[in-house]
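Here is the file final.txt (compact mmCIF, N, CA and C atoms).
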# COMPACT_ATOMS: atom_id res chain seq x y z
N MET K 1 0.82 -1.20 0.00
CA MET K 1 0.00 0.00 0.00
C MET K 1 0.86 1.25 0.00
N GLY K 2 2.05 1.16 0.55
CA GLY K 2 2.91 2.33 0.56
C GLY K 2 3.10 2.84 1.96
N SER K 3 3.79 3.94 2.07
CA SER K 3 4.05 4.50 3.39
C SER K 3 2.81 5.22 3.91
N TRP K 4 2.79 5.38 5.24
CA TRP K 4 1.66 6.06 5.87
C TRP K 4 1.58 7.52 5.45
N LYS K 5 2.76 8.15 5.30
CA LYS K 5 2.76 9.56 4.90
C LYS K 5 2.12 9.72 3.53
N LYS K 6 2.45 8.82 2.60
CA LYS K 6 1.87 8.87 1.26
C LYS K 6 0.37 8.59 1.32
N PHE K 7 -0.03 7.67 2.23
CA PHE K 7 -1.45 7.32 2.38
C PHE K 7 -2.26 8.49 2.91
N ILE K 8 -1.71 9.19 3.90
CA ILE K 8 -2.46 10.30 4.53
C ILE K 8 -2.36 11.58 3.69
N MET K 9 -1.15 11.92 3.25
CA MET K 9 -0.94 13.18 2.54
C MET K 9 -1.28 13.09 1.06
N GLY K 10 -1.28 11.89 0.51
CA GLY K 10 -1.59 11.74 -0.89
C GLY K 10 -0.36 11.94 -1.77
N GLU K 11 -0.56 11.70 -3.04
CA GLU K 11 0.54 11.85 -3.99
C GLU K 11 0.58 13.28 -4.52
N LYS K 12 1.73 13.63 -5.09
CA LYS K 12 1.86 14.93 -5.75
C LYS K 12 0.93 14.94 -6.97
N MET K 13 0.22 16.04 -7.15
CA MET K 13 -0.70 16.15 -8.28
C MET K 13 0.10 16.15 -9.57
N PRO K 14 -0.17 15.21 -10.47
CA PRO K 14 0.63 15.17 -11.71
C PRO K 14 0.30 16.35 -12.62
N ASP K 15 1.33 16.85 -13.28
CA ASP K 15 1.19 17.93 -14.24
C ASP K 15 1.02 17.31 -15.63
N LYS K 16 0.14 17.87 -16.44
CA LYS K 16 -0.13 17.28 -17.75
C LYS K 16 1.09 17.35 -18.67
N ASP K 17 2.00 18.26 -18.43
CA ASP K 17 3.19 18.39 -19.27
C ASP K 17 4.37 17.59 -18.75
N ASP K 18 4.25 17.00 -17.57
CA ASP K 18 5.33 16.22 -16.98
C ASP K 18 5.53 14.94 -17.82
N PRO K 19 6.73 14.68 -18.31
CA PRO K 19 6.94 13.51 -19.18
C PRO K 19 6.62 12.19 -18.48
N GLN K 20 6.73 12.16 -17.15
CA GLN K 20 6.43 10.93 -16.41
C GLN K 20 4.94 10.57 -16.51
N TYR K 21 4.07 11.57 -16.56
CA TYR K 21 2.64 11.34 -16.57
C TYR K 21 1.98 11.63 -17.92
N LYS K 22 2.75 12.09 -18.91
CA LYS K 22 2.19 12.54 -20.19
C LYS K 22 1.39 11.45 -20.88
N GLU K 23 1.96 10.25 -20.96
CA GLU K 23 1.27 9.15 -21.65
C GLU K 23 -0.02 8.78 -20.91
N ARG K 24 0.05 8.70 -19.57
CA ARG K 24 -1.14 8.38 -18.77
C ARG K 24 -2.22 9.46 -18.94
N TYR K 25 -1.79 10.74 -18.93
CA TYR K 25 -2.72 11.85 -19.09
C TYR K 25 -3.42 11.78 -20.45
N GLU K 26 -2.67 11.54 -21.51
CA GLU K 26 -3.26 11.47 -22.85
C GLU K 26 -4.21 10.28 -22.96
N LYS K 27 -3.87 9.16 -22.34
CA LYS K 27 -4.75 7.99 -22.36
C LYS K 27 -6.06 8.28 -21.62
N ASP K 28 -5.97 8.96 -20.46
CA ASP K 28 -7.18 9.30 -19.70
C ASP K 28 -8.06 10.29 -20.46
N VAL K 29 -7.44 11.28 -21.08
CA VAL K 29 -8.20 12.28 -21.85
C VAL K 29 -8.90 11.60 -23.03
N ASP K 30 -8.18 10.70 -23.72
CA ASP K 30 -8.78 9.99 -24.85
C ASP K 30 -9.96 9.13 -24.40
N ALA K 31 -9.82 8.45 -23.24
CA ALA K 31 -10.92 7.63 -22.72
C ALA K 31 -12.13 8.50 -22.37
N GLY K 32 -11.87 9.66 -21.79
CA GLY K 32 -12.96 10.58 -21.45
C GLY K 32 -13.68 11.09 -22.68
N ARG K 33 -12.92 11.40 -23.71
CA ARG K 33 -13.54 11.89 -24.96
C ARG K 33 -14.37 10.80 -25.62
N ARG K 34 -13.85 9.56 -25.63
CA ARG K 34 -14.62 8.45 -26.23
C ARG K 34 -15.91 8.21 -25.46
N PHE K 35 -15.85 8.28 -24.13
CA PHE K 35 -17.07 8.09 -23.34
C PHE K 35 -18.07 9.21 -23.60
N ALA K 36 -17.59 10.44 -23.67
CA ALA K 36 -18.49 11.58 -23.93
C ALA K 36 -19.15 11.44 -25.29
N ARG K 37 -18.39 11.01 -26.27
CA ARG K 37 -18.95 10.81 -27.61
C ARG K 37 -19.98 9.69 -27.61
N TRP K 38 -19.64 8.58 -26.91
CA TRP K 38 -20.54 7.42 -26.86
C TRP K 38 -21.84 7.75 -26.14
N SER K 39 -21.78 8.49 -25.03
CA SER K 39 -22.97 8.78 -24.22
C SER K 39 -23.74 10.01 -24.69
N GLY K 40 -23.16 10.79 -25.58
CA GLY K 40 -23.85 11.98 -26.08
C GLY K 40 -23.63 13.21 -25.22
N LEU K 41 -22.75 13.10 -24.22
CA LEU K 41 -22.49 14.25 -23.36
C LEU K 41 -21.80 15.38 -24.12
N ASP K 42 -21.03 15.04 -25.16
CA ASP K 42 -20.36 16.08 -25.92
C ASP K 42 -21.38 16.96 -26.65
N ARG K 43 -22.43 16.35 -27.21
CA ARG K 43 -23.47 17.13 -27.88
C ARG K 43 -24.27 17.95 -26.88
N LEU K 44 -24.57 17.36 -25.71
CA LEU K 44 -25.29 18.09 -24.67
C LEU K 44 -24.48 19.30 -24.19
N ALA K 45 -23.20 19.10 -23.97
CA ALA K 45 -22.34 20.21 -23.54
C ALA K 45 -22.28 21.29 -24.61
N ALA K 46 -22.25 20.89 -25.88
CA ALA K 46 -22.22 21.87 -26.97
C ALA K 46 -23.53 22.67 -27.01
N MET K 47 -24.66 21.99 -26.77
CA MET K 47 -25.95 22.69 -26.77
C MET K 47 -26.04 23.67 -25.61
N VAL K 48 -25.58 23.25 -24.42
CA VAL K 48 -25.60 24.14 -23.26
C VAL K 48 -24.68 25.34 -23.50
N GLN K 49 -23.52 25.09 -24.06
CA GLN K 49 -22.58 26.18 -24.36
C GLN K 49 -23.17 27.15 -25.38
N ASP K 50 -23.85 26.62 -26.39
CA ASP K 50 -24.48 27.46 -27.40
C ASP K 50 -25.58 28.33 -26.78
N PHE K 51 -26.41 27.71 -25.91
CA PHE K 51 -27.46 28.47 -25.23
C PHE K 51 -26.86 29.55 -24.35
N ALA K 52 -25.78 29.21 -23.63
CA ALA K 52 -25.13 30.19 -22.74
C ALA K 52 -24.54 31.35 -23.54
N ASN K 53 -24.01 31.08 -24.73
CA ASN K 53 -23.45 32.16 -25.55
C ASN K 53 -24.55 33.04 -26.13
N LYS K 54 -25.68 32.45 -26.51
CA LYS K 54 -26.76 33.23 -27.12
C LYS K 54 -27.57 34.01 -26.08
N HIS K 55 -27.82 33.41 -24.94
CA HIS K 55 -28.69 34.00 -23.91
C HIS K 55 -27.91 34.10 -22.59
N THR K 56 -26.98 35.00 -22.53
CA THR K 56 -26.08 35.09 -21.39
C THR K 56 -26.81 35.38 -20.08
N LYS K 57 -27.68 36.38 -20.09
CA LYS K 57 -28.36 36.77 -18.85
C LYS K 57 -29.32 35.69 -18.37
N ILE K 58 -30.03 35.07 -19.29
CA ILE K 58 -30.96 34.01 -18.90
C ILE K 58 -30.18 32.82 -18.32
N PHE K 59 -29.07 32.47 -18.97
CA PHE K 59 -28.25 31.36 -18.49
C PHE K 59 -27.72 31.64 -17.08
N LEU K 60 -27.22 32.85 -16.87
CA LEU K 60 -26.72 33.20 -15.55
C LEU K 60 -27.83 33.21 -14.51
N ALA K 61 -29.02 33.69 -14.91
CA ALA K 61 -30.15 33.68 -13.98
C ALA K 61 -30.53 32.24 -13.60
N ILE K 62 -30.51 31.34 -14.56
CA ILE K 62 -30.84 29.94 -14.27
C ILE K 62 -29.80 29.33 -13.34
N VAL K 63 -28.52 29.53 -13.64
CA VAL K 63 -27.45 28.94 -12.83
C VAL K 63 -27.46 29.51 -11.42
N PHE K 64 -27.49 30.83 -11.30
CA PHE K 64 -27.48 31.42 -9.97
C PHE K 64 -28.78 31.16 -9.23
N GLY K 65 -29.89 31.08 -9.93
CA GLY K 65 -31.15 30.71 -9.29
C GLY K 65 -31.09 29.32 -8.70
N PHE K 66 -30.48 28.39 -9.43
CA PHE K 66 -30.32 27.03 -8.93
C PHE K 66 -29.41 27.01 -7.70
N VAL K 67 -28.33 27.77 -7.75
CA VAL K 67 -27.41 27.83 -6.61
C VAL K 67 -28.10 28.42 -5.39
N ILE K 68 -28.84 29.51 -5.59
CA ILE K 68 -29.55 30.15 -4.48
C ILE K 68 -30.63 29.22 -3.92
N LEU K 69 -31.33 28.50 -4.80
CA LEU K 69 -32.34 27.53 -4.35
C LEU K 69 -31.70 26.45 -3.49
N CYS K 70 -30.58 25.89 -3.93
CA CYS K 70 -29.90 24.85 -3.15
C CYS K 70 -29.43 25.39 -1.81
N PHE K 71 -28.88 26.59 -1.82
CA PHE K 71 -28.41 27.20 -0.57
C PHE K 71 -29.57 27.43 0.40
N SER K 72 -30.68 27.95 -0.12
CA SER K 72 -31.83 28.22 0.76
C SER K 72 -32.43 26.93 1.30
N MET K 73 -32.45 25.87 0.49
CA MET K 73 -32.96 24.59 0.99
C MET K 73 -32.05 24.05 2.10
N ASN K 74 -30.74 24.21 1.94
CA ASN K 74 -29.82 23.78 2.99
C ASN K 74 -30.02 24.57 4.28
N VAL K 75 -30.20 25.88 4.16
CA VAL K 75 -30.44 26.71 5.34
C VAL K 75 -31.75 26.31 6.01
N TYR K 76 -32.78 26.04 5.21
CA TYR K 76 -34.08 25.62 5.75
C TYR K 76 -33.93 24.32 6.52
N ARG K 77 -33.25 23.32 5.93
CA ARG K 77 -33.07 22.03 6.60
C ARG K 77 -32.24 22.19 7.87
N MET K 78 -31.22 23.05 7.83
CA MET K 78 -30.42 23.29 9.03
C MET K 78 -31.27 23.93 10.12
N GLY K 79 -32.18 24.81 9.73
CA GLY K 79 -33.09 25.42 10.71
C GLY K 79 -34.01 24.39 11.33
N LEU K 80 -34.50 23.45 10.53
CA LEU K 80 -35.35 22.40 11.09
C LEU K 80 -34.58 21.53 12.08
N VAL K 81 -33.37 21.19 11.74
CA VAL K 81 -32.56 20.37 12.64
C VAL K 81 -32.23 21.13 13.92
N TRP K 82 -31.94 22.41 13.77
CA TRP K 82 -31.60 23.22 14.93
C TRP K 82 -32.78 23.35 15.89
N SER K 83 -33.98 23.55 15.34
CA SER K 83 -35.15 23.76 16.18
C SER K 83 -35.71 22.46 16.74
N HIS K 84 -35.28 21.33 16.20
CA HIS K 84 -35.75 20.05 16.70
C HIS K 84 -35.24 19.84 18.12
N SER K 85 -36.12 19.39 18.98
CA SER K 85 -35.73 19.21 20.37
C SER K 85 -34.65 18.14 20.47
N GLY K 86 -33.74 18.34 21.37
CA GLY K 86 -32.63 17.41 21.55
C GLY K 86 -33.05 16.14 22.28
N GLU K 87 -34.28 16.08 22.71
CA GLU K 87 -34.76 14.94 23.47
C GLU K 87 -35.03 13.76 22.53
N ARG K 88 -34.40 12.64 22.83
CA ARG K 88 -34.59 11.45 22.00
C ARG K 88 -35.67 10.58 22.63
N LYS K 89 -36.48 9.98 21.79
CA LYS K 89 -37.55 9.11 22.27
C LYS K 89 -37.34 7.72 21.69
N SER K 90 -37.59 6.75 22.51
CA SER K 90 -37.50 5.37 22.02
C SER K 90 -38.78 5.05 21.24
N ALA K 91 -38.76 3.93 20.55
CA ALA K 91 -39.93 3.53 19.77
C ALA K 91 -41.13 3.29 20.69
N VAL K 92 -40.88 2.74 21.86
CA VAL K 92 -41.98 2.48 22.82
C VAL K 92 -42.60 3.80 23.27
N GLU K 93 -41.76 4.79 23.57
CA GLU K 93 -42.28 6.09 24.00
C GLU K 93 -43.09 6.75 22.88
N GLN K 94 -42.63 6.63 21.64
CA GLN K 94 -43.38 7.20 20.52
C GLN K 94 -44.73 6.51 20.36
N GLN K 95 -44.76 5.17 20.50
CA GLN K 95 -46.02 4.44 20.39
C GLN K 95 -46.96 4.82 21.53
N ASP K 96 -46.44 4.95 22.75
CA ASP K 96 -47.27 5.37 23.88
C ASP K 96 -47.89 6.74 23.64
N GLU K 97 -47.10 7.65 23.08
CA GLU K 97 -47.61 8.99 22.79
C GLU K 97 -48.72 8.93 21.73
N LEU K 98 -48.53 8.10 20.70
CA LEU K 98 -49.57 7.95 19.68
C LEU K 98 -50.85 7.37 20.26
N ILE K 99 -50.73 6.40 21.15
CA ILE K 99 -51.92 5.79 21.77
C ILE K 99 -52.64 6.81 22.64
N LYS K 100 -51.89 7.59 23.40
CA LYS K 100 -52.51 8.62 24.24
C LYS K 100 -53.26 9.64 23.38
N ASN K 101 -52.65 10.04 22.27
CA ASN K 101 -53.32 10.99 21.37
C ASN K 101 -54.59 10.38 20.79
N ARG K 102 -54.54 9.10 20.45
CA ARG K 102 -55.73 8.43 19.92
C ARG K 102 -56.84 8.40 20.96
N HIS K 103 -56.50 8.10 22.21
CA HIS K 103 -57.51 8.07 23.28
C HIS K 103 -58.10 9.45 23.51
N ARG K 104 -57.27 10.48 23.42
CA ARG K 104 -57.79 11.85 23.56
C ARG K 104 -58.81 12.17 22.46
N ARG K 105 -58.48 11.76 21.22
CA ARG K 105 -59.41 12.03 20.11
C ARG K 105 -60.71 11.27 20.29
N VAL K 106 -60.64 10.03 20.78
CA VAL K 106 -61.85 9.24 20.99
C VAL K 106 -62.70 9.87 22.08
N LYS K 107 -62.06 10.27 23.20
CA LYS K 107 -62.81 10.91 24.28
C LYS K 107 -63.48 12.19 23.80
N LYS K 108 -62.77 12.95 22.98
CA LYS K 108 -63.33 14.20 22.45
C LYS K 108 -64.54 13.90 21.55
N ALA K 109 -64.43 12.86 20.72
CA ALA K 109 -65.54 12.50 19.84
C ALA K 109 -66.74 12.02 20.63
N VAL K 110 -66.50 11.23 21.68
CA VAL K 110 -67.60 10.73 22.50
C VAL K 110 -68.27 11.87 23.25
N SER K 111 -67.49 12.81 23.76
CA SER K 111 -68.08 13.93 24.48
C SER K 111 -68.86 14.84 23.53
N SER K 112 -68.47 14.88 22.26
CA SER K 112 -69.21 15.72 21.32
C SER K 112 -70.54 15.08 20.94
N VAL K 113 -70.70 13.78 21.17
CA VAL K 113 -71.96 13.10 20.88
C VAL K 113 -73.07 13.66 21.76
N HIS K 114 -72.74 14.05 22.98
CA HIS K 114 -73.74 14.58 23.89
C HIS K 114 -74.25 15.94 23.45
N CYS K 115 -73.57 16.55 22.53
CA CYS K 115 -73.98 17.86 22.03
C CYS K 115 -74.80 17.74 20.75
N MET K 116 -75.03 16.51 20.28
CA MET K 116 -75.77 16.32 19.03
C MET K 116 -77.27 16.50 19.28
N PRO K 117 -78.00 16.84 18.24
CA PRO K 117 -79.46 16.90 18.38
C PRO K 117 -80.00 15.52 18.78
N PRO K 118 -81.11 15.47 19.52
CA PRO K 118 -81.61 14.21 20.05
C PRO K 118 -81.87 13.14 18.99
N SER K 119 -82.38 13.52 17.81
CA SER K 119 -82.69 12.51 16.80
C SER K 119 -81.42 11.82 16.30
N ILE K 120 -80.37 12.57 16.06
CA ILE K 120 -79.11 11.99 15.59
C ILE K 120 -78.46 11.20 16.71
N ASN K 121 -78.51 11.77 17.92
CA ASN K 121 -77.91 11.11 19.07
C ASN K 121 -78.58 9.76 19.33
N LYS K 122 -79.90 9.69 19.15
CA LYS K 122 -80.62 8.44 19.39
C LYS K 122 -80.15 7.37 18.39
N ASP K 123 -80.07 7.73 17.11
CA ASP K 123 -79.60 6.77 16.11
C ASP K 123 -78.17 6.32 16.41
N PHE K 124 -77.34 7.26 16.81
CA PHE K 124 -75.96 6.94 17.12
C PHE K 124 -75.87 6.00 18.32
N GLN K 125 -76.64 6.30 19.36
CA GLN K 125 -76.61 5.45 20.56
C GLN K 125 -77.11 4.04 20.24
N GLU K 126 -78.12 3.93 19.37
CA GLU K 126 -78.62 2.61 19.00
C GLU K 126 -77.55 1.82 18.24
N SER K 127 -76.83 2.46 17.35
CA SER K 127 -75.78 1.75 16.60
C SER K 127 -74.63 1.35 17.51
N VAL K 128 -74.28 2.21 18.47
CA VAL K 128 -73.22 1.87 19.41
C VAL K 128 -73.64 0.70 20.28
N THR K 129 -74.91 0.72 20.76
CA THR K 129 -75.41 -0.36 21.60
C THR K 129 -75.43 -1.68 20.83
N LYS K 130 -75.86 -1.62 19.58
CA LYS K 130 -75.91 -2.82 18.76
C LYS K 130 -74.50 -3.38 18.54
N ASN K 131 -73.54 -2.51 18.24
CA ASN K 131 -72.16 -2.95 18.04
C ASN K 131 -71.56 -3.51 19.33
N ASN K 132 -71.87 -2.89 20.46
CA ASN K 132 -71.32 -3.37 21.73
C ASN K 132 -71.92 -4.71 22.14
N GLN K 133 -73.17 -4.94 21.79
CA GLN K 133 -73.78 -6.21 22.16
C GLN K 133 -73.16 -7.37 21.40
N ASP K 134 -72.87 -7.17 20.14
CA ASP K 134 -72.39 -8.28 19.33
C ASP K 134 -70.88 -8.21 19.10
N ASN K 135 -70.37 -7.01 18.88
CA ASN K 135 -68.94 -6.81 18.54
C ASN K 135 -68.50 -7.64 17.35
N GLY K 136 -69.42 -7.97 16.48
CA GLY K 136 -69.07 -8.74 15.30
C GLY K 136 -68.85 -10.21 15.58
N LEU K 137 -69.03 -10.62 16.82
CA LEU K 137 -68.84 -12.03 17.18
C LEU K 137 -70.15 -12.56 17.77
N SER K 138 -70.41 -13.78 17.54
CA SER K 138 -71.59 -14.39 18.16
C SER K 138 -71.20 -15.76 18.68
N ASP K 139 -71.87 -16.18 19.74
CA ASP K 139 -71.56 -17.47 20.36
C ASP K 139 -72.17 -18.63 19.59
N THR K 140 -73.25 -18.34 18.90
CA THR K 140 -73.93 -19.43 18.19
C THR K 140 -73.36 -19.56 16.80
N LYS K 141 -73.23 -20.80 16.37
CA LYS K 141 -72.75 -21.06 15.02
C LYS K 141 -73.93 -21.22 14.10
N GLU K 142 -73.85 -20.55 12.97
CA GLU K 142 -74.93 -20.67 11.99
C GLU K 142 -74.50 -21.65 10.94
N ASP K 143 -75.35 -22.64 10.65
CA ASP K 143 -75.02 -23.65 9.64
C ASP K 143 -75.77 -23.40 8.37
Kindly transcribe the structure held in the file into structure tokens.
Amino acid sequence: MGSWKKFIMGEKMPDKDDPQYKERYEKDVDAGRRFARWSGLDRLAAMVQDFANKHTKIFLAIVFGFVILCFSMNVYRMGLVWSHSGERKSAVEQQDELIKNRHRRVKKAVSSVHCMPPSINKDFQESVTKNNQDNGLSDTKED
């Protein structure tokens, strides 16, 4: 693998004109050009360059708008993380909280039944009584 210093500090950046790296550099550039030609990236880059030359202000507005959008989204996400409480909850605590909230909603719904007009309340009470008596289960088997 080499020495630790080389591993941590890295190698010297090769210069394209350095005779030691010239052949490797030319081979890498040729491979990149062949890939760009094969994938169509060279034509796409030419179209983007042509658009940028013809419509300079629009191109700059698009590029800087994208940069500003990315920056603002990062700031927004950082704000959400910052404002999030540092208190961690286990899965059991989260489930307990959900169950408590569900019970509160049910109690609120049941208490609102007493505020209904008598005709609606009567029908509702009859359906609740019927459901409570049977609960969808019966002791007798029907053949």
Could you tell me, as a ChimeraX atom specification, which residues of stretch 12-135 of chain K DSSP assigns to alpha helix (DSSP H) when given the backbone? /K:19-39,41-54,56-83,91-113,118-134
For atom N of K:Ala52 and atom N of K:Phe64, quote the distance in Å rounded to one decimal.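 Straight-line distance from atom N of K:Ala52 to atom N of K:Phe64 works out to 12.6 Å.
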One-decimal distance in Å that lies between atom C of K:Arg102 and atom C of K:Ser90: 18.4 Å
Please indicate the distance in Å from atom CA of K:Gln20 to atom N of K:Arg33, rounded to one decimal place. 20.7 Å
Mind giving me the axis-aligned box for stretch 16-24 of chain K with 6 Å on every side, centre plus edges in Å to one decimal, as lines of an AutoDock Vina configuration file?
center_x = 2.4
center_y = 13.4
center_z = -19.0
size_x = 21.2
size_y = 22.0
size_z = 17.2
